>>> print(open('entry22.cif').read())   # mmCIF, C-alpha atoms
data_final
#
loop_
_atom_site.label_atom_id
_atom_site.label_comp_id
_atom_site.auth_asym_id
_atom_site.auth_seq_id
_atom_site.Cartn_x
_atom_site.Cartn_y
_atom_site.Cartn_z
CA MET A 177 -2.26 -31.33 15.19
CA GLY A 178 -1.66 -27.63 14.63
CA SER A 179 -1.24 -26.76 18.32
CA GLU A 180 1.92 -28.88 18.50
CA SER A 181 3.63 -27.07 15.61
CA ALA A 182 2.60 -23.59 16.71
CA GLY A 183 3.99 -23.45 20.21
CA GLY A 184 6.48 -20.91 21.53
CA GLY A 185 8.13 -17.90 19.99
CA THR A 186 7.09 -14.29 19.50
CA ALA A 187 3.71 -13.16 18.23
CA VAL A 188 5.17 -12.76 14.74
CA SER A 189 6.66 -16.27 14.69
CA ARG A 190 3.45 -17.71 16.16
CA THR A 191 1.49 -16.04 13.39
CA THR A 192 3.85 -17.53 10.80
CA GLN A 193 3.78 -20.98 12.41
CA ILE A 194 0.00 -21.05 12.65
CA SER A 195 -0.55 -19.81 9.10
CA THR A 196 1.94 -22.42 7.81
CA ASP A 197 0.18 -25.18 9.72
CA LEU A 198 -3.28 -24.08 8.56
CA ARG A 199 -2.00 -23.98 4.99
CA ARG A 200 -0.73 -27.54 5.39
CA ARG A 201 -4.07 -28.69 6.76
CA ILE A 202 -5.95 -27.00 3.91
CA SER A 203 -3.66 -28.61 1.32
CA ALA A 204 -4.17 -32.00 3.00
CA GLY A 205 -7.93 -31.64 2.63
CA GLU A 206 -8.71 -31.39 6.32
CA PHE A 207 -10.62 -28.18 5.54
CA PRO A 208 -12.38 -28.72 2.16
CA MET A 209 -12.87 -25.98 -0.42
CA GLY A 210 -16.00 -23.95 0.20
CA GLU A 211 -16.26 -25.00 3.85
CA ARG A 212 -16.00 -22.70 6.83
CA LEU A 213 -12.92 -22.83 9.02
CA PRO A 214 -13.36 -23.21 12.77
CA SER A 215 -14.15 -19.91 14.44
CA GLU A 216 -11.34 -17.59 15.48
CA SER A 217 -12.00 -18.41 19.13
CA ALA A 218 -11.94 -22.16 18.40
CA LEU A 219 -8.65 -21.83 16.52
CA GLY A 220 -7.28 -19.70 19.34
CA ALA A 221 -8.10 -22.44 21.83
CA GLU A 222 -6.62 -25.14 19.58
CA TYR A 223 -3.38 -23.25 19.01
CA ALA A 224 -3.24 -21.65 22.47
CA ALA A 225 -2.97 -18.26 20.78
CA THR A 226 -4.64 -14.88 21.13
CA ARG A 227 -7.34 -13.81 18.73
CA SER A 228 -5.06 -11.16 17.19
CA VAL A 229 -2.46 -13.82 16.39
CA ILE A 230 -5.12 -16.04 14.81
CA ARG A 231 -6.43 -13.13 12.75
CA GLY A 232 -2.89 -12.37 11.62
CA ALA A 233 -2.43 -15.99 10.51
CA LEU A 234 -5.73 -15.97 8.63
CA ALA A 235 -4.84 -12.66 6.99
CA ARG A 236 -1.65 -14.28 5.66
CA LEU A 237 -3.72 -17.08 4.15
CA ALA A 238 -6.11 -14.52 2.65
CA ARG A 239 -3.19 -12.80 0.91
CA LEU A 240 -2.37 -16.18 -0.64
CA SER A 241 -6.00 -16.49 -1.80
CA LEU A 242 -6.48 -19.63 0.33
CA VAL A 243 -9.25 -18.21 2.52
CA GLU A 244 -11.52 -15.19 2.61
CA ALA A 245 -13.63 -13.54 5.29
CA ARG A 246 -17.33 -13.31 4.48
CA PRO A 247 -19.89 -11.36 6.50
CA ARG A 248 -21.91 -13.68 8.74
CA ASP A 249 -20.10 -16.74 7.32
CA GLY A 250 -16.67 -16.39 8.91
CA TRP A 251 -13.52 -17.58 7.15
CA ILE A 252 -14.17 -19.70 4.05
CA VAL A 253 -11.64 -22.01 2.40
CA LEU A 254 -10.98 -21.13 -1.23
CA ASP A 255 -9.70 -23.30 -4.04
CA ALA A 256 -5.92 -23.63 -3.72
CA ARG A 257 -5.80 -23.70 -7.51
CA ARG A 258 -6.62 -19.99 -7.58
CA THR A 259 -2.88 -19.45 -7.84
CA GLN A 260 -1.96 -18.64 -11.44
CA GLY A 261 1.45 -19.69 -12.72
CA PHE A 262 3.48 -18.19 -15.54
CA ALA A 263 4.55 -21.44 -17.18
CA ARG A 264 1.97 -21.42 -19.97
CA MET A 265 -0.58 -19.30 -21.76
CA GLN A 266 -3.96 -19.52 -20.04
CA SER A 267 -7.06 -17.37 -20.37
CA PHE A 268 -9.27 -16.29 -17.49
CA ALA A 269 -11.92 -18.81 -18.54
CA GLU A 270 -9.39 -21.65 -18.83
CA TRP A 271 -7.93 -20.82 -15.43
CA ALA A 272 -11.38 -20.72 -13.83
CA LEU A 273 -12.53 -24.01 -15.38
CA ALA A 274 -9.27 -25.71 -14.36
CA GLY A 275 -10.10 -24.80 -10.78
CA GLY A 276 -13.66 -26.12 -10.97
CA ARG A 277 -15.18 -22.64 -11.15
CA VAL A 278 -17.79 -21.27 -13.55
CA PRO A 279 -16.44 -18.27 -15.50
CA GLY A 280 -18.69 -15.55 -16.86
CA GLY A 281 -18.51 -12.10 -18.36
CA LEU A 282 -20.61 -9.14 -19.37
CA ILE A 283 -19.52 -6.29 -21.61
CA THR A 284 -20.88 -3.16 -19.92
CA THR A 285 -19.65 -0.52 -22.37
CA ARG A 286 -18.40 -0.51 -25.98
CA GLU A 287 -16.97 2.31 -28.03
CA ILE A 288 -14.74 3.20 -30.95
CA GLY A 289 -12.19 5.54 -29.43
CA ALA A 290 -9.32 7.58 -30.83
CA ALA A 291 -5.88 5.99 -30.45
CA THR A 292 -3.60 7.58 -27.87
CA ALA A 293 0.05 8.20 -28.71
CA ARG A 294 1.06 4.99 -26.95
CA GLU A 295 -1.67 2.95 -28.64
CA ALA A 296 -0.84 4.38 -32.06
CA GLN A 297 2.81 3.45 -31.58
CA ARG A 298 1.99 -0.07 -30.38
CA PHE A 299 -0.55 -0.83 -33.12
CA GLY A 300 1.44 0.92 -35.84
CA ILE A 301 -1.33 3.38 -36.71
CA ARG A 302 -1.78 7.16 -36.66
CA LEU A 303 -2.60 9.17 -33.57
CA GLY A 304 -6.37 9.48 -33.29
CA ASP A 305 -7.19 6.53 -35.56
CA PRO A 306 -10.28 4.60 -34.38
CA LEU A 307 -9.80 1.58 -32.13
CA PRO A 308 -12.50 -0.74 -30.73
CA ARG A 309 -12.67 -0.79 -26.94
CA PHE A 310 -14.84 -2.33 -24.27
CA VAL A 311 -15.19 -2.72 -20.52
CA ARG A 312 -16.19 -6.15 -19.28
CA VAL A 313 -17.02 -7.49 -15.81
CA ARG A 314 -15.66 -11.01 -15.26
CA THR A 315 -17.39 -13.35 -12.82
CA LEU A 316 -16.62 -16.57 -10.97
CA ASP A 317 -19.66 -18.64 -10.00
CA GLY A 318 -21.80 -15.59 -10.69
CA ARG A 319 -19.78 -13.28 -8.44
CA PRO A 320 -18.10 -10.20 -10.00
CA VAL A 321 -14.35 -10.49 -9.41
CA MET A 322 -12.59 -8.46 -12.10
CA VAL A 323 -13.04 -5.46 -14.40
CA GLU A 324 -11.39 -5.92 -17.79
CA ARG A 325 -10.62 -3.00 -20.10
CA SER A 326 -9.53 -3.97 -23.61
CA VAL A 327 -8.31 -2.01 -26.62
CA TRP A 328 -8.28 -4.12 -29.78
CA ALA A 329 -6.23 -3.97 -32.95
CA PRO A 330 -8.08 -2.24 -35.82
CA TRP A 331 -7.86 -5.38 -37.98
CA LEU A 332 -10.10 -7.10 -35.39
CA ALA A 333 -12.83 -4.44 -35.36
CA SER A 334 -15.46 -6.60 -37.08
CA VAL A 335 -14.70 -9.62 -34.89
CA VAL A 336 -14.91 -7.58 -31.70
CA ALA A 337 -18.14 -5.92 -32.85
CA GLY A 338 -19.66 -9.36 -33.34
CA LEU A 339 -18.88 -10.59 -29.82
CA PRO A 340 -22.02 -10.99 -27.70
CA ASP A 341 -22.15 -8.93 -24.52
CA ASP A 342 -22.13 -12.11 -22.42
CA VAL A 343 -19.14 -13.70 -24.19
CA VAL A 344 -17.44 -16.04 -21.71
CA SER A 345 -14.06 -16.26 -23.41
CA THR A 346 -12.75 -13.83 -26.00
CA THR A 347 -9.76 -16.15 -26.47
CA ALA A 348 -12.09 -18.96 -27.55
CA ALA A 349 -14.15 -16.59 -29.71
CA LEU A 350 -11.00 -15.41 -31.48
CA ALA A 351 -9.92 -19.02 -32.00
CA GLU A 352 -13.27 -19.76 -33.66
CA ALA A 353 -12.53 -16.87 -36.02
CA GLY A 354 -9.15 -18.41 -36.84
CA ILE A 355 -7.12 -16.05 -34.64
CA ILE A 356 -4.93 -17.98 -32.22
CA VAL A 357 -3.56 -16.05 -29.26
CA ALA A 358 -0.08 -17.35 -28.58
CA ALA A 359 1.48 -15.24 -25.84
CA THR A 360 0.72 -12.53 -23.34
CA ASN A 361 3.04 -10.15 -21.53
CA HIS A 362 2.00 -8.90 -18.08
CA ARG A 363 2.79 -6.10 -15.68
CA ILE A 364 1.38 -6.60 -12.18
CA GLU A 365 0.84 -3.91 -9.54
CA VAL A 366 -1.69 -2.69 -6.99
CA SER A 367 -4.30 -0.09 -7.93
CA ALA A 368 -7.15 1.68 -6.14
CA ALA A 369 -10.72 1.02 -7.24
CA SER A 370 -12.31 3.86 -9.20
CA THR A 371 -15.92 4.88 -8.64
CA GLU A 372 -16.97 2.81 -11.69
CA GLU A 373 -14.96 -0.23 -10.61
CA ALA A 374 -16.28 -0.03 -7.06
CA ALA A 375 -19.84 -0.12 -8.39
CA LEU A 376 -19.15 -2.99 -10.78
CA LEU A 377 -17.31 -5.13 -8.22
CA GLY A 378 -19.33 -4.25 -5.15
CA VAL A 379 -16.37 -2.83 -3.20
CA ARG A 380 -15.63 0.54 -1.66
CA ARG A 381 -14.07 3.27 -3.76
CA SER A 382 -10.27 3.26 -3.43
CA SER A 383 -10.27 -0.36 -2.25
CA PRO A 384 -7.03 -2.12 -3.30
CA LEU A 385 -7.28 -4.08 -6.54
CA LEU A 386 -4.68 -6.29 -8.19
CA GLN A 387 -3.97 -4.71 -11.57
CA VAL A 388 -2.62 -6.78 -14.45
CA ALA A 389 -1.69 -4.78 -17.54
CA ARG A 390 -1.21 -7.05 -20.55
CA THR A 391 -0.51 -7.16 -24.26
CA THR A 392 -1.59 -10.17 -26.33
CA VAL A 393 -0.10 -11.31 -29.64
CA THR A 394 -0.55 -14.07 -32.21
CA ALA A 395 2.05 -16.75 -32.93
CA GLU A 396 3.32 -14.50 -35.72
CA GLY A 397 3.84 -11.65 -33.26
CA ARG A 398 0.89 -9.58 -34.49
CA LEU A 399 -0.54 -7.44 -31.70
CA VAL A 400 -4.10 -8.42 -30.82
CA GLU A 401 -5.03 -6.51 -27.68
CA ILE A 402 -3.84 -4.11 -25.03
CA GLY A 403 -5.72 -4.73 -21.81
CA VAL A 404 -5.86 -3.89 -18.12
CA ASP A 405 -7.51 -6.30 -15.67
CA ARG A 406 -8.32 -5.25 -12.12
CA TYR A 407 -9.14 -8.04 -9.67
CA ARG A 408 -10.82 -7.59 -6.32
CA ALA A 409 -8.69 -8.69 -3.37
CA GLY A 410 -8.53 -12.39 -2.59
CA VAL A 411 -9.47 -13.62 -6.06
CA ILE A 412 -6.11 -14.65 -7.45
CA ALA A 413 -2.42 -14.88 -6.63
CA PHE A 414 0.38 -15.16 -9.18
CA GLU A 415 3.18 -17.68 -8.73
CA ILE A 416 6.55 -17.50 -10.50
CA ASP A 417 9.06 -20.32 -10.88
CA ALA A 418 12.42 -18.54 -10.96
CA GLY A 419 13.79 -21.33 -13.13
CA THR A 420 11.21 -20.81 -15.86
CA PRO A 421 11.32 -17.89 -18.34
CA VAL A 422 8.42 -15.54 -17.58
CA ARG A 423 6.47 -15.27 -20.86
CA SER A 424 2.77 -15.74 -20.30
CA ALA A 425 -0.08 -16.13 -17.83
CA ILE A 426 -3.75 -15.23 -17.84
#
>>> encode(input="entry22.cif", output="structure tokens")
Amino acid sequence: MGSESAGGGTAVSRTTQISTDLRRRISAGEFPMGERLPSESALGAEYAATRSVIRGALARLARLSLVEARPRDGWIVLDARRTQGFARMQSFAEWALAGGRVPGGLITTREIGAATAREAQRFGIRLGDPLPRFVRVRTLDGRPVMVERSVWAPWLASVVAGLPDDVVSTTAALAEAGIIVAATNHRIEVSAASTEEAALLGVRRSSPLLQVARTTVTAEGRLVEIGVDRYRAGVIAFEIDAGTPVRSAI
């Protein structure tokens, strides 16, 4: 059991040992997805560790999106398949469904906005030309987890205008219109939640969010979308195989 593999060492090594053992037990199915882990005090007794060490180990698992702390519910086991790899093109909806989750979305604002200098350069248009934009809240099992901001190519204006507010997958909707998204480039960093994002995601203003800036193109290399996705903490982790060229993800 875990107490055997976690003995000895400094507080830091104990934290690492315990988190590693708990990760092994979660992967083995000892703690099923959606179930509550034993209490911090119970884990402390099992591993002969202080509560601060146990909390440190659980925090490590939370950063890997394997568990999350919920008020009144304790530590809940998440789907290990929340990790997103970079080996193939996959939309948010595809990723969610592959993990047994129910994806959703709601466009909260739409507008036709003037192209910035960067957008004009990327889309090959003039500064100030109109571009369709929207803000969408993405959900997993009905829970808001990400705010998506998208700027679309002008040649897609009519398609974007026809998307219902509750469209689940824009990738699928584009495919139905004969537009196949082939690749996406991503830039990943941490960002602080704005007032709008805090309200949409139910977090505190300035809470850390995982920001994924992306550009999407067709197989012919035609630019489709410039987007920025901001995930609430604990929703997703990205995994890179150093032996595989990094080309696409969500």
>>> closest_residue(input="entry22.cif", among="A:Ala348, A:Val278, A:Ala245, A:Ala204", to="A:Ala409", atoms="all atoms listed in the file")
A:Ala245
>>> resolve_selection(input="entry22.cif", expression="the PyMOL selection byres ((chain A and resi 252) around 9)", output="PDB file with C-alpha atoms, in the coordinates of the input")
ATOM      1  CA  MET A 209     -12.870 -25.980  -0.420  1.00  0.00           C
ATOM      2  CA  GLY A 210     -16.000 -23.950   0.200  1.00  0.00           C
ATOM      3  CA  GLU A 211     -16.260 -25.000   3.850  1.00  0.00           C
ATOM      4  CA  ARG A 212     -16.000 -22.700   6.830  1.00  0.00           C
ATOM      5  CA  LEU A 213     -12.920 -22.830   9.020  1.00  0.00           C
ATOM      6  CA  LEU A 242      -6.480 -19.630   0.330  1.00  0.00           C
ATOM      7  CA  VAL A 243      -9.250 -18.210   2.520  1.00  0.00           C
ATOM      8  CA  GLU A 244     -11.520 -15.190   2.610  1.00  0.00           C
ATOM      9  CA  ALA A 245     -13.630 -13.540   5.290  1.00  0.00           C
ATOM     10  CA  ARG A 246     -17.330 -13.310   4.480  1.00  0.00           C
ATOM     11  CA  ASP A 249     -20.100 -16.740   7.320  1.00  0.00           C
ATOM     12  CA  GLY A 250     -16.670 -16.390   8.910  1.00  0.00           C
ATOM     13  CA  TRP A 251     -13.520 -17.580   7.150  1.00  0.00           C
ATOM     14  CA  VAL A 253     -11.640 -22.010   2.400  1.00  0.00           C
ATOM     15  CA  LEU A 254     -10.980 -21.130  -1.230  1.00  0.00           C
TER      16      LEU A 254
END
>>> closest_residue(input="entry22.cif", among="A:Arg190, A:Ile356, A:Arg277, A:Ala238", to="A:Glu396", atoms="all atoms listed in the file")
A:Ile356
>>> resolve_selection(input="entry22.cif", expression="the PyMOL selection byres ((chain A and resi 299-311) around 10)", output="PyMOL selection string")
chain A and resi 282-298+312-314+323-334+336-337+341+398-405
>>> resolve_selection(input="entry22.cif", expression="the PyMOL selection byres ((chain A and resi 321) around 12)", output="PyMOL selection string")
chain A and resi 268+272+279-282+312-320+322-324+373-379+385-386+405-412
>>> residues_around(input="entry22.cif", residues="A:Leu339", least_positions_apart="6", cutoff="10 Å", atoms="all atoms listed in the file", output="ChimeraX atom specification")
/A:283,345-346,349-350
